[in-house]
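S.K.: The structure under discussion is supplied below as structure tokens; questions concerning it will follow.
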Amino acid sequence: MTEQEQREQEQKIQMVNLARSFYERGYSVGGAGNLSVRLDDNRILVTPTGSSLGRLVPERLSVVDMQGNWISGDKPSKEYVFHLALYQQNPNCNAVVHLHSTYLTALSCVEGLNTDNAIQAFTPYYVMRVGKLQVIPYYRPGSPKIAEELAARANTGKAFLMANHGIVVTGSDLIDACDNTEELEETAKLFFTLQHQSIRYLSDDEVKDLENRGK
Ligand SMILES: O=C(O)[C@@H](O)C(=O)COP(=O)(O)O
Ligand SMILES: [Zn+2]
């Protein structure tokens, strides 16, 4: 096995393990959700369409090139086009997570969200990991319009709430994208928990201070 093949095998095993962890902890159910990671300049690894995140098999993960050609593995996720759009537009994006996790999906169904930032910051780690949560309009799953919307915002943030559908989060690698997603789901859970409380939001200065420091 060449060094590159070895590295790719490790990425496949990492994807299977992280996806199973999401499934086992209730972040995904049934066949919902999809993950991808950049393999090199011209190829991504993506979960096959219709697959449960709890039961992925390394050899069956799909490989797709940047032009959208299906190279190997099972048929790729119907959402591979929006994953590709994020990689094509943002060279710093190396992994993408899409989930229908409970609290973020509940939030995606709320009317009248601020589409520039659906959750105003009330904890520092949300700012440090994710920053803001943009909202994209509803399109049916698999619609090429989702890719257009994400391409236009690919360099403006890491997290995108798809109205009436779920969440899309990017990262510098797959672990980073998964950790960003978990932080965001936890923030959405807190948001609903605090619904009937008067929240002390972080001030603009407090947010700026955190943005300057990074995570
Ligand atoms: O909601 C959907 O149908 C898709 O966005 C999804 O989450 C699962 O689609 P596949 O990755 O094609 O299984
Ligand atoms: Zn979906």
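Residue numbers start at 1 in each chain; chains themselves are named A, B, ... in the order of the structure tokens; ligands are numbered from 1 in the order shown.
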Give the alpha helix (DSSP H) residues of stretch 71-176 of chain A, as assigned by DSSP on the backbone, as a PyMOL selection string.

M.R.: chain A and resi 80-89+102-108+124-129+144-153+174-176

S.K.: According to DSSP computed on the backbone, where in stretch 10-201 of chain A is there strand (DSSP E)? Give the residues as an MDAnalysis selection string.

M.R.: chainID A and resid 34:40 43:46 62:65 70:72 95:99 134:136 159:162 166:171

S.K.: Ranking A:Glu79, A:Asp65, A:Glu5, A:Asp41 by minimum distance to ligand 2 and counting only C-alpha atoms and all ligand atoms, which one comes first?

M.R.: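 Looking at the shortest contact to ligand 2, the residue is A:Glu79.
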
S.K.: What residues have any atom no more than 10 Å from ligand 2 when counting only C-alpha atoms and all ligand atoms, and can you list them as a PyMOL selection string?

M.R.: chain A and resi 31-34+77-79+98-101+105+140-142+162+164-168

S.K.: Store the residues of this selection in a file with all heavy atoms, as a short mmCIF file (atom, residue, chain, number, x, y, z; two decimals), in the first residue's frame.

M.R.:
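After the write, selection-v3.cif holds the following:
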data_model
loop_
_atom_site.label_atom_id
_atom_site.label_comp_id
_atom_site.auth_asym_id
_atom_site.auth_seq_id
_atom_site.Cartn_x
_atom_site.Cartn_y
_atom_site.Cartn_z
N GLY A 31 -31.57 6.96 8.07
CA GLY A 31 -30.62 7.24 6.99
C GLY A 31 -30.30 8.72 6.86
O GLY A 31 -29.72 9.14 5.84
N ALA A 32 -30.67 9.53 7.85
CA ALA A 32 -30.49 10.99 7.71
C ALA A 32 -29.04 11.41 7.90
O ALA A 32 -28.30 10.80 8.67
CB ALA A 32 -31.36 11.70 8.75
N GLY A 33 -28.66 12.46 7.19
CA GLY A 33 -27.34 13.07 7.37
C GLY A 33 -26.31 12.51 6.43
O GLY A 33 -26.47 11.43 5.85
N ASN A 34 -25.25 13.27 6.23
CA ASN A 34 -24.12 12.85 5.40
C ASN A 34 -22.87 13.62 5.80
O ASN A 34 -22.96 14.75 6.29
CB ASN A 34 -24.43 13.01 3.90
CG ASN A 34 -25.34 14.18 3.60
OD1 ASN A 34 -24.93 15.32 3.68
ND2 ASN A 34 -26.62 13.89 3.31
N SER A 77 -23.99 10.33 -1.53
CA SER A 77 -25.11 11.09 -0.99
C SER A 77 -25.73 11.98 -2.05
O SER A 77 -25.03 12.57 -2.87
CB SER A 77 -24.59 11.98 0.15
OG SER A 77 -25.58 12.93 0.48
N LYS A 78 -27.06 12.13 -2.01
CA LYS A 78 -27.73 13.02 -2.95
C LYS A 78 -27.29 14.47 -2.73
O LYS A 78 -27.52 15.33 -3.57
CB LYS A 78 -29.25 12.89 -2.85
CG LYS A 78 -29.83 13.39 -1.53
CD LYS A 78 -31.33 13.62 -1.61
CE LYS A 78 -32.17 12.49 -1.09
NZ LYS A 78 -32.02 12.19 0.36
N GLU A 79 -26.64 14.74 -1.58
CA GLU A 79 -26.21 16.11 -1.26
C GLU A 79 -24.73 16.36 -1.63
O GLU A 79 -24.18 17.39 -1.26
CB GLU A 79 -26.39 16.39 0.24
CG GLU A 79 -27.79 16.12 0.80
CD GLU A 79 -28.86 17.09 0.31
OE1 GLU A 79 -28.66 17.76 -0.71
OE2 GLU A 79 -29.93 17.13 0.97
N HIS A 98 -23.41 17.22 7.58
CA HIS A 98 -24.83 17.59 7.49
C HIS A 98 -25.62 16.63 8.36
O HIS A 98 -25.53 15.41 8.18
CB HIS A 98 -25.33 17.52 6.04
CG HIS A 98 -26.83 17.49 5.95
ND1 HIS A 98 -27.63 18.46 6.52
CD2 HIS A 98 -27.69 16.60 5.39
CE1 HIS A 98 -28.89 18.16 6.31
NE2 HIS A 98 -28.97 17.04 5.63
N LEU A 99 -26.37 17.18 9.33
CA LEU A 99 -27.18 16.35 10.23
C LEU A 99 -28.61 16.90 10.32
O LEU A 99 -28.84 18.10 10.04
CB LEU A 99 -26.59 16.35 11.64
CG LEU A 99 -25.23 15.67 11.89
CD1 LEU A 99 -24.87 15.79 13.36
CD2 LEU A 99 -25.23 14.22 11.44
N HIS A 100 -29.51 16.04 10.78
CA HIS A 100 -30.87 16.47 11.17
C HIS A 100 -30.95 16.36 12.70
O HIS A 100 -31.91 15.81 13.23
CB HIS A 100 -31.94 15.56 10.56
CG HIS A 100 -31.92 15.46 9.07
ND1 HIS A 100 -32.76 14.62 8.38
CD2 HIS A 100 -31.19 16.09 8.12
CE1 HIS A 100 -32.54 14.73 7.08
NE2 HIS A 100 -31.57 15.62 6.90
N SER A 101 -29.94 16.84 13.39
CA SER A 101 -29.91 16.71 14.86
C SER A 101 -31.10 17.48 15.45
O SER A 101 -31.54 18.49 14.90
CB SER A 101 -28.58 17.23 15.40
OG SER A 101 -28.33 18.52 14.91
N THR A 105 -32.51 21.08 14.09
CA THR A 105 -33.59 20.91 13.11
C THR A 105 -34.87 21.58 13.62
O THR A 105 -35.61 22.21 12.84
CB THR A 105 -33.81 19.41 12.81
OG1 THR A 105 -32.57 18.86 12.38
CG2 THR A 105 -34.84 19.21 11.72
N ARG A 140 -36.02 21.49 -1.47
CA ARG A 140 -36.14 20.04 -1.22
C ARG A 140 -34.74 19.43 -1.11
O ARG A 140 -33.81 19.89 -1.79
CB ARG A 140 -36.95 19.34 -2.31
CG ARG A 140 -36.29 19.40 -3.66
CD ARG A 140 -36.79 18.37 -4.66
NE ARG A 140 -36.18 18.67 -5.96
CZ ARG A 140 -34.91 18.39 -6.28
NH1 ARG A 140 -34.12 17.80 -5.41
NH2 ARG A 140 -34.44 18.71 -7.47
N PRO A 141 -34.57 18.39 -0.25
CA PRO A 141 -33.27 17.74 -0.15
C PRO A 141 -32.78 17.31 -1.53
O PRO A 141 -33.55 16.82 -2.36
CB PRO A 141 -33.56 16.52 0.74
CG PRO A 141 -34.70 16.98 1.61
CD PRO A 141 -35.55 17.84 0.71
N GLY A 142 -31.49 17.53 -1.80
CA GLY A 142 -30.90 17.15 -3.08
C GLY A 142 -31.02 18.24 -4.14
O GLY A 142 -30.43 18.12 -5.22
N MET A 162 -30.29 24.98 7.33
CA MET A 162 -31.14 24.83 6.14
C MET A 162 -32.58 24.82 6.63
O MET A 162 -32.99 23.91 7.36
CB MET A 162 -30.83 23.50 5.43
CG MET A 162 -29.38 23.39 5.01
SD MET A 162 -28.90 21.67 4.85
CE MET A 162 -29.52 21.32 3.23
N ASN A 164 -36.22 24.30 7.65
CA ASN A 164 -37.09 23.11 7.65
C ASN A 164 -36.35 21.83 7.25
O ASN A 164 -36.95 20.91 6.68
CB ASN A 164 -38.29 23.30 6.71
CG ASN A 164 -39.11 24.50 7.09
OD1 ASN A 164 -38.82 25.61 6.65
ND2 ASN A 164 -40.09 24.30 7.92
N HIS A 165 -35.05 21.76 7.55
CA HIS A 165 -34.30 20.57 7.11
C HIS A 165 -33.23 20.15 8.14
O HIS A 165 -33.33 19.08 8.71
CB HIS A 165 -33.67 20.87 5.74
CG HIS A 165 -32.91 19.74 5.14
ND1 HIS A 165 -32.52 19.71 3.82
CD2 HIS A 165 -32.42 18.58 5.67
CE1 HIS A 165 -31.88 18.58 3.57
NE2 HIS A 165 -31.80 17.89 4.67
N GLY A 166 -32.22 20.98 8.38
CA GLY A 166 -31.14 20.56 9.28
C GLY A 166 -29.96 21.52 9.22
O GLY A 166 -30.12 22.68 8.86
N ILE A 167 -28.78 20.98 9.51
CA ILE A 167 -27.61 21.84 9.67
C ILE A 167 -26.47 21.39 8.74
O ILE A 167 -26.34 20.21 8.47
CB ILE A 167 -27.12 21.80 11.15
CG1 ILE A 167 -26.01 22.80 11.41
CG2 ILE A 167 -26.72 20.39 11.56
CD1 ILE A 167 -26.44 24.24 11.34
N VAL A 168 -25.69 22.35 8.28
CA VAL A 168 -24.46 22.07 7.53
C VAL A 168 -23.33 22.82 8.23
O VAL A 168 -23.44 24.03 8.47
CB VAL A 168 -24.55 22.57 6.07
CG1 VAL A 168 -23.24 22.31 5.33
CG2 VAL A 168 -25.70 21.89 5.35
#

S.K.: Return the single residue from A:Asp40, A:Glu8, A:Glu211, A:Glu3 that is closest to A:Glu59, with distances computed using only C-alpha atoms.

M.R.: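 Going through A:Asp40, A:Glu8, A:Glu211, A:Glu3 one by one, the smallest distance to A:Glu59 is for A:Glu8.
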
S.K.: Of the candidates A:Thr47, A:Gln197, A:Gln11, A:Thr181, which shows the shortest atom-to-atom distance to ligand 1, using only C-alpha atoms and all ligand atoms?

M.R.: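 So, comparing all the options, the nearest one is A:Thr47.
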
S.K.: Give me the residues near A:Thr187 as a ChimeraX atom specification, where near means some atom within 10 Å (using only C-alpha atoms) and where sequence neighbours in that chain fewer than 3 positions away do not count.

M.R.: /A:103-104,119,121-123,125-126,181-184,190-193

S.K.: Between A:Leu35, A:Val135, A:Val57, A:Val127, which has the minimum distance to A:Ser203 (counting only C-alpha atoms)?

M.R.: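 Of the candidates, the smallest distance to A:Ser203 is held by A:Val127.
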
S.K.: Would you mind telling me which residue in A:Pro124, A:Gly112, A:Pro48, A:Gly30 lies nearest to ligand 1 when using only C-alpha atoms and all ligand atoms?

M.R.: A:Pro48

S.K.: Check the smallest atom-to-atom distance from each of A:Ser21, A:Ile146, A:Trp70, A:Thr2 to ligand 1 using only C-alpha atoms and all ligand atoms, then report the winner.

M.R.: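 Closest residue, counting only C-alpha atoms and all ligand atoms: A:Ile146.
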
S.K.: Using only C-alpha atoms, what does the table of stretch 17-130 of chain A residues within 10 Å of stretch 171-177 of chain A look like, with each row giving the shortest atom pair and its distance in Å to one decimal, sorted by chain and ascending number, as a tab-separated table?

M.R.:
residue	atom	partner	partner_atom	distance
A:Leu18	CA	A:Ile175	CA	7.7
A:Leu35	CA	A:Leu174	CA	8.4
A:Ser36	CA	A:Leu174	CA	7.7
A:Val37	CA	A:Leu174	CA	6.2
A:Arg38	CA	A:Asp173	CA	8.2
A:Pro91	CA	A:Ser172	CA	9.6
A:Asn92	CA	A:Ser172	CA	6.3
A:Cys93	CA	A:Ser172	CA	5.6
A:Asn94	CA	A:Ser172	CA	5.0
A:Ala95	CA	A:Leu174	CA	5.0
A:Val96	CA	A:Ala177	CA	6.2
A:Val97	CA	A:Ala177	CA	6.3
A:His98	CA	A:Ala177	CA	9.8
A:Arg129	CA	A:Asp176	CA	9.0
A:Val130	CA	A:Gly171	CA	9.6

S.K.: Tell me which protein, DNA and RNA residues are within 7 Å of stretch 66-68 of chain A, counting only C-alpha atoms, leaving out same-chain ones fewer than 2 positions away, and put them as a VMD selection string.

M.R.: chain A and resid 42 to 43 64 70 84
